>>> print(open('structure_18.cif').read())   # mmCIF, C-alpha atoms, pLDDT in the B column; chains and numbers go by the auth columns
data_model
loop_
_atom_site.group_PDB
_atom_site.id
_atom_site.type_symbol
_atom_site.label_atom_id
_atom_site.label_comp_id
_atom_site.label_asym_id
_atom_site.label_seq_id
_atom_site.Cartn_x
_atom_site.Cartn_y
_atom_site.Cartn_z
_atom_site.B_iso_or_equiv
_atom_site.auth_seq_id
_atom_site.auth_asym_id
ATOM 1 C CA MET A 1 15.478 129.575 20.795 49.00 1 A
ATOM 2 C CA ARG A 2 14.137 128.516 24.101 51.00 2 A
ATOM 3 C CA ARG A 3 11.073 127.174 22.452 51.00 3 A
ATOM 4 C CA GLN A 4 13.148 124.979 20.159 51.00 4 A
ATOM 5 C CA GLU A 5 15.222 123.768 23.130 50.00 5 A
ATOM 6 C CA ALA A 6 12.035 122.937 24.979 47.00 6 A
ATOM 7 C CA GLU A 7 10.778 120.915 22.028 48.00 7 A
ATOM 8 C CA ASN A 8 14.066 119.039 21.823 47.00 8 A
ATOM 9 C CA MET A 9 13.939 118.347 25.553 48.00 9 A
ATOM 10 C CA SER A 10 10.489 116.836 25.250 45.00 10 A
ATOM 11 C CA LEU A 11 11.830 114.351 22.707 46.00 11 A
ATOM 12 C CA LEU A 12 14.650 113.191 24.946 45.00 12 A
ATOM 13 C CA PRO A 13 12.510 111.300 27.470 45.00 13 A
ATOM 14 C CA VAL A 14 10.727 109.473 24.673 44.00 14 A
ATOM 15 C CA ALA A 15 14.008 108.473 23.033 43.00 15 A
ATOM 16 C CA SER A 16 15.530 107.283 26.321 41.00 16 A
ATOM 17 C CA GLU A 17 12.424 105.221 27.103 43.00 17 A
ATOM 18 C CA LEU A 18 12.718 103.613 23.711 41.00 18 A
ATOM 19 C CA VAL A 19 16.345 102.690 24.326 43.00 19 A
ATOM 20 C CA VAL A 20 15.478 101.264 27.739 42.00 20 A
ATOM 21 C CA ALA A 21 12.693 99.204 26.228 42.00 21 A
ATOM 22 C CA ILE A 22 15.105 97.686 23.707 43.00 22 A
ATOM 23 C CA PHE A 23 17.623 96.671 26.359 44.00 23 A
ATOM 24 C CA ILE A 24 15.016 95.251 28.717 48.00 24 A
ATOM 25 C CA SER A 25 13.306 93.042 26.154 47.00 25 A
ATOM 26 C CA PRO A 26 14.517 89.416 26.181 53.00 26 A
ATOM 27 C CA ILE A 27 16.993 88.388 23.508 56.00 27 A
ATOM 28 C CA GLY A 28 16.669 85.040 21.752 55.00 28 A
ATOM 29 C CA PRO A 29 13.845 82.547 21.338 56.00 29 A
ATOM 30 C CA PRO A 30 11.712 81.288 24.206 56.00 30 A
ATOM 31 C CA PRO A 31 13.143 78.286 26.103 53.00 31 A
ATOM 32 C CA SER A 32 10.674 75.795 24.575 52.00 32 A
ATOM 33 C CA THR A 33 11.866 76.687 21.049 51.00 33 A
ATOM 34 C CA SER A 34 15.500 76.131 22.078 51.00 34 A
ATOM 35 C CA THR A 35 14.630 72.670 23.406 55.00 35 A
ATOM 36 C CA ILE A 36 12.946 71.720 20.128 60.00 36 A
ATOM 37 C CA SER A 37 15.965 72.882 18.148 72.00 37 A
ATOM 38 C CA LEU A 38 18.295 70.799 20.297 72.00 38 A
ATOM 39 C CA THR A 39 16.096 67.736 19.765 76.00 39 A
ATOM 40 C CA ASN A 40 16.053 68.341 16.013 75.00 40 A
ATOM 41 C CA LEU A 41 19.825 68.735 16.037 74.00 41 A
ATOM 42 C CA MET A 42 20.210 65.414 17.862 78.00 42 A
ATOM 43 C CA ASN A 43 17.884 63.705 15.342 81.00 43 A
ATOM 44 C CA LEU A 44 19.852 65.217 12.456 83.00 44 A
ATOM 45 C CA ASN A 45 23.093 63.920 13.963 83.00 45 A
ATOM 46 C CA LYS A 46 21.569 60.437 14.276 86.00 46 A
ATOM 47 C CA LEU A 47 20.364 60.586 10.666 85.00 47 A
ATOM 48 C CA MET A 48 23.827 61.650 9.474 87.00 48 A
ATOM 49 C CA LYS A 49 25.419 58.694 11.295 87.00 49 A
ATOM 50 C CA GLN A 50 22.925 56.310 9.679 86.00 50 A
ATOM 51 C CA ALA A 51 23.625 57.800 6.241 85.00 51 A
ATOM 52 C CA GLN A 52 27.382 57.426 6.794 88.00 52 A
ATOM 53 C CA LYS A 53 26.917 53.776 7.809 88.00 53 A
ATOM 54 C CA MET A 54 24.779 53.150 4.710 87.00 54 A
ATOM 55 C CA GLN A 55 27.406 54.799 2.522 88.00 55 A
ATOM 56 C CA GLU A 56 30.115 52.537 3.984 89.00 56 A
ATOM 57 C CA GLN A 57 27.940 49.450 3.375 88.00 57 A
ATOM 58 C CA MET A 58 27.314 50.543 -0.219 87.00 58 A
ATOM 59 C CA ALA A 59 31.039 51.014 -0.894 88.00 59 A
ATOM 60 C CA LYS A 60 31.756 47.559 0.532 89.00 60 A
ATOM 61 C CA THR A 61 28.984 45.990 -1.541 86.00 61 A
ATOM 62 C CA GLN A 62 30.203 47.705 -4.723 86.00 62 A
ATOM 63 C CA ALA A 63 33.665 46.242 -4.154 87.00 63 A
ATOM 64 C CA GLU A 64 32.133 42.800 -3.604 87.00 64 A
ATOM 65 C CA LEU A 65 30.028 43.142 -6.760 86.00 65 A
ATOM 66 C CA GLU A 66 33.172 43.506 -8.843 85.00 66 A
ATOM 67 C CA GLN A 67 34.090 39.969 -7.718 88.00 67 A
ATOM 68 C CA LYS A 68 30.660 38.423 -8.363 90.00 68 A
ATOM 69 C CA THR A 69 29.967 37.291 -11.908 90.00 69 A
ATOM 70 C CA VAL A 70 27.088 36.240 -14.127 91.00 70 A
ATOM 71 C CA GLU A 71 27.475 34.101 -17.226 93.00 71 A
ATOM 72 C CA VAL A 72 25.223 34.201 -20.261 93.00 72 A
ATOM 73 C CA SER A 73 25.330 31.763 -23.144 92.00 73 A
ATOM 74 C CA ALA A 74 23.978 32.097 -26.665 91.00 74 A
ATOM 75 C CA GLY A 75 23.822 29.802 -29.648 88.00 75 A
ATOM 76 C CA GLY A 76 23.214 26.713 -27.577 90.00 76 A
ATOM 77 C CA GLY A 77 26.201 27.431 -25.328 92.00 77 A
ATOM 78 C CA LYS A 78 28.580 28.083 -28.227 92.00 78 A
ATOM 79 C CA VAL A 79 29.093 31.731 -27.120 94.00 79 A
ATOM 80 C CA LYS A 80 29.562 32.515 -23.424 95.00 80 A
ATOM 81 C CA VAL A 81 29.885 35.991 -21.952 95.00 81 A
ATOM 82 C CA THR A 82 30.791 36.675 -18.337 94.00 82 A
ATOM 83 C CA ALA A 83 30.088 40.021 -16.642 92.00 83 A
ATOM 84 C CA ASN A 84 30.653 41.184 -13.086 88.00 84 A
ATOM 85 C CA GLY A 85 28.221 42.915 -10.754 87.00 85 A
ATOM 86 C CA ALA A 86 29.593 46.286 -11.835 84.00 86 A
ATOM 87 C CA GLY A 87 28.302 45.567 -15.360 83.00 87 A
ATOM 88 C CA ASP A 88 31.757 45.049 -16.871 89.00 88 A
ATOM 89 C CA ILE A 89 32.385 42.275 -19.393 93.00 89 A
ATOM 90 C CA VAL A 90 35.203 40.165 -17.985 93.00 90 A
ATOM 91 C CA ALA A 91 35.288 37.247 -20.465 94.00 91 A
ATOM 92 C CA ILE A 92 33.988 36.074 -23.824 95.00 92 A
ATOM 93 C CA LYS A 93 34.339 32.461 -24.939 96.00 93 A
ATOM 94 C CA ILE A 94 33.487 31.358 -28.480 95.00 94 A
ATOM 95 C CA ASP A 95 33.390 27.697 -29.459 94.00 95 A
ATOM 96 C CA LYS A 96 35.336 26.960 -32.659 93.00 96 A
ATOM 97 C CA GLU A 97 32.325 25.179 -34.128 91.00 97 A
ATOM 98 C CA VAL A 98 30.343 28.405 -34.359 89.00 98 A
ATOM 99 C CA VAL A 99 33.079 30.287 -36.228 91.00 99 A
ATOM 100 C CA ASP A 100 32.124 30.279 -39.898 91.00 100 A
ATOM 101 C CA PRO A 101 34.101 32.630 -42.124 91.00 101 A
ATOM 102 C CA ASN A 102 31.183 32.665 -44.546 93.00 102 A
ATOM 103 C CA ASP A 103 28.669 33.768 -41.857 92.00 103 A
ATOM 104 C CA VAL A 104 30.457 36.250 -39.611 92.00 104 A
ATOM 105 C CA GLU A 105 27.254 38.267 -39.129 94.00 105 A
ATOM 106 C CA PHE A 106 25.597 35.346 -37.333 91.00 106 A
ATOM 107 C CA LEU A 107 28.505 35.138 -34.873 92.00 107 A
ATOM 108 C CA GLU A 108 28.501 38.908 -34.350 93.00 108 A
ATOM 109 C CA GLU A 109 24.787 38.821 -33.573 93.00 109 A
ATOM 110 C CA MET A 110 25.190 35.999 -31.042 93.00 110 A
ATOM 111 C CA VAL A 111 28.082 37.769 -29.320 94.00 111 A
ATOM 112 C CA LEU A 112 26.230 41.079 -29.219 94.00 112 A
ATOM 113 C CA ASN A 113 23.077 39.501 -27.753 93.00 113 A
ATOM 114 C CA ALA A 114 25.087 37.597 -25.148 94.00 114 A
ATOM 115 C CA VAL A 115 26.982 40.775 -24.173 94.00 115 A
ATOM 116 C CA LYS A 116 23.754 42.753 -23.782 93.00 116 A
ATOM 117 C CA GLN A 117 22.208 40.019 -21.625 92.00 117 A
ATOM 118 C CA ALA A 118 25.336 39.730 -19.467 93.00 118 A
ATOM 119 C CA ILE A 119 25.453 43.473 -18.835 91.00 119 A
ATOM 120 C CA GLU A 120 21.739 43.480 -18.016 91.00 120 A
ATOM 121 C CA GLN A 121 22.104 40.579 -15.574 91.00 121 A
ATOM 122 C CA GLY A 122 25.185 42.186 -13.977 90.00 122 A
ATOM 123 C CA LYS A 123 23.252 45.405 -13.405 89.00 123 A
ATOM 124 C CA ALA A 124 20.276 43.452 -12.035 90.00 124 A
ATOM 125 C CA LEU A 125 22.604 41.723 -9.571 89.00 125 A
ATOM 126 C CA ALA A 126 23.986 45.099 -8.475 88.00 126 A
ATOM 127 C CA GLN A 127 20.474 46.547 -8.124 88.00 127 A
ATOM 128 C CA SER A 128 19.381 43.611 -6.004 88.00 128 A
ATOM 129 C CA GLU A 129 22.371 43.918 -3.677 86.00 129 A
ATOM 130 C CA MET A 130 22.026 47.696 -3.308 85.00 130 A
ATOM 131 C CA THR A 131 18.298 47.444 -2.573 87.00 131 A
ATOM 132 C CA LYS A 132 19.158 45.208 0.377 85.00 132 A
ATOM 133 C CA ILE A 133 21.171 48.104 1.825 82.00 133 A
ATOM 134 C CA THR A 134 19.007 51.076 0.891 79.00 134 A
ATOM 135 C CA GLY A 135 15.727 49.386 1.746 78.00 135 A
ATOM 136 C CA GLY A 136 14.031 50.794 -1.323 62.00 136 A
ATOM 137 C CA LEU A 137 15.132 54.426 -0.849 63.00 137 A
ATOM 138 C CA SER A 138 15.894 54.655 -4.554 53.00 138 A
ATOM 139 C CA GLY A 139 12.321 55.868 -5.088 54.00 139 A
ATOM 140 C CA LEU A 140 13.287 59.160 -3.422 53.00 140 A
ATOM 141 C CA GLY A 141 15.392 60.211 -6.404 55.00 141 A
ATOM 142 C CA ILE A 142 18.619 60.449 -4.428 56.00 142 A
ATOM 143 C CA PRO A 143 21.642 59.951 -6.681 54.00 143 A
ATOM 144 C CA GLY A 144 23.557 56.795 -5.989 52.00 144 A
ATOM 145 C CA LEU A 145 20.626 54.927 -4.505 49.00 145 A
ATOM 146 C CA GLN A 146 19.320 53.429 -7.756 49.00 146 A
#
>>> encode(input="structure_18.cif", output="structure tokens")
Amino acid sequence: MRRQEAENMSLLPVASELVVAIFISPIGPPPSTSTISLTNLMNLNKLMKQAQKMQEQMAKTQAELEQKTVEVSAGGGKVKVTANGAGDIVAIKIDKEVVDPNDVEFLEEMVLNAVKQAIEQGKALAQSEMTKITGGLSGLGIPGLQ
């Protein structure tokens, strides 16, 4: 038994040295790494503030776009369609002269074409206004920046 106790005793100094080595070693990253992380954190905070400001500008512009309108005419001005910057149709005017009960399809076609053009122009207006805010960031594929 003494031999086994002697073997166990020889392991104790090694184990205690190992424990001491763990407690003596420095904990955490070197100081230069901590400084870089703090700088990155400050840059991230600045970026978040800029993104929040951009988001506020976009919300304001979207509200303004609902008030801006585009008007498209078809059939020599006989059909007029008005859309807002949000792409919503807000008015359709049809001159009585163009209403022919025997040729309803012609009127339907004029109205449909005018509506399509008005929606397209409304969306183009919105795109133009949003690009002023985002500075062309829509190419990054971020939702909401188209």
>>> closest_residue(input="structure_18.cif", among="A:Ile133, A:Ala86, A:Val72, A:Ile92", to="A:Gln117", atoms="all atoms listed in the file")
A:Val72
>>> closest_residue(input="structure_18.cif", among="A:Ala51, A:Met110, A:Val104, A:Ile89", to="A:Gly76", atoms="all atoms listed in the file")
A:Met110
>>> atom_distance(input="structure_18.cif", atom1="atom CA of A:Gln62", atom2="atom CA of A:Lys46")
24.4 Å
>>> closest_residue(input="structure_18.cif", among="A:Val79, A:Val90, A:Val111, A:Met58", to="A:Thr134", atoms="all atoms listed in the file")
A:Met58
>>> closest_residue(input="structure_18.cif", among="A:Ala126, A:Leu65, A:Val81, A:Leu112", to="A:Ile94", atoms="all atoms listed in the file")
A:Val81
>>> atom_distance(input="structure_18.cif", atom1="atom CA of A:Gly85", atom2="atom CA of A:Gln67")
7.2 Å
>>> atom_distance(input="structure_18.cif", atom1="atom CA of A:Glu71", atom2="atom CA of A:Glu97")
19.7 Å
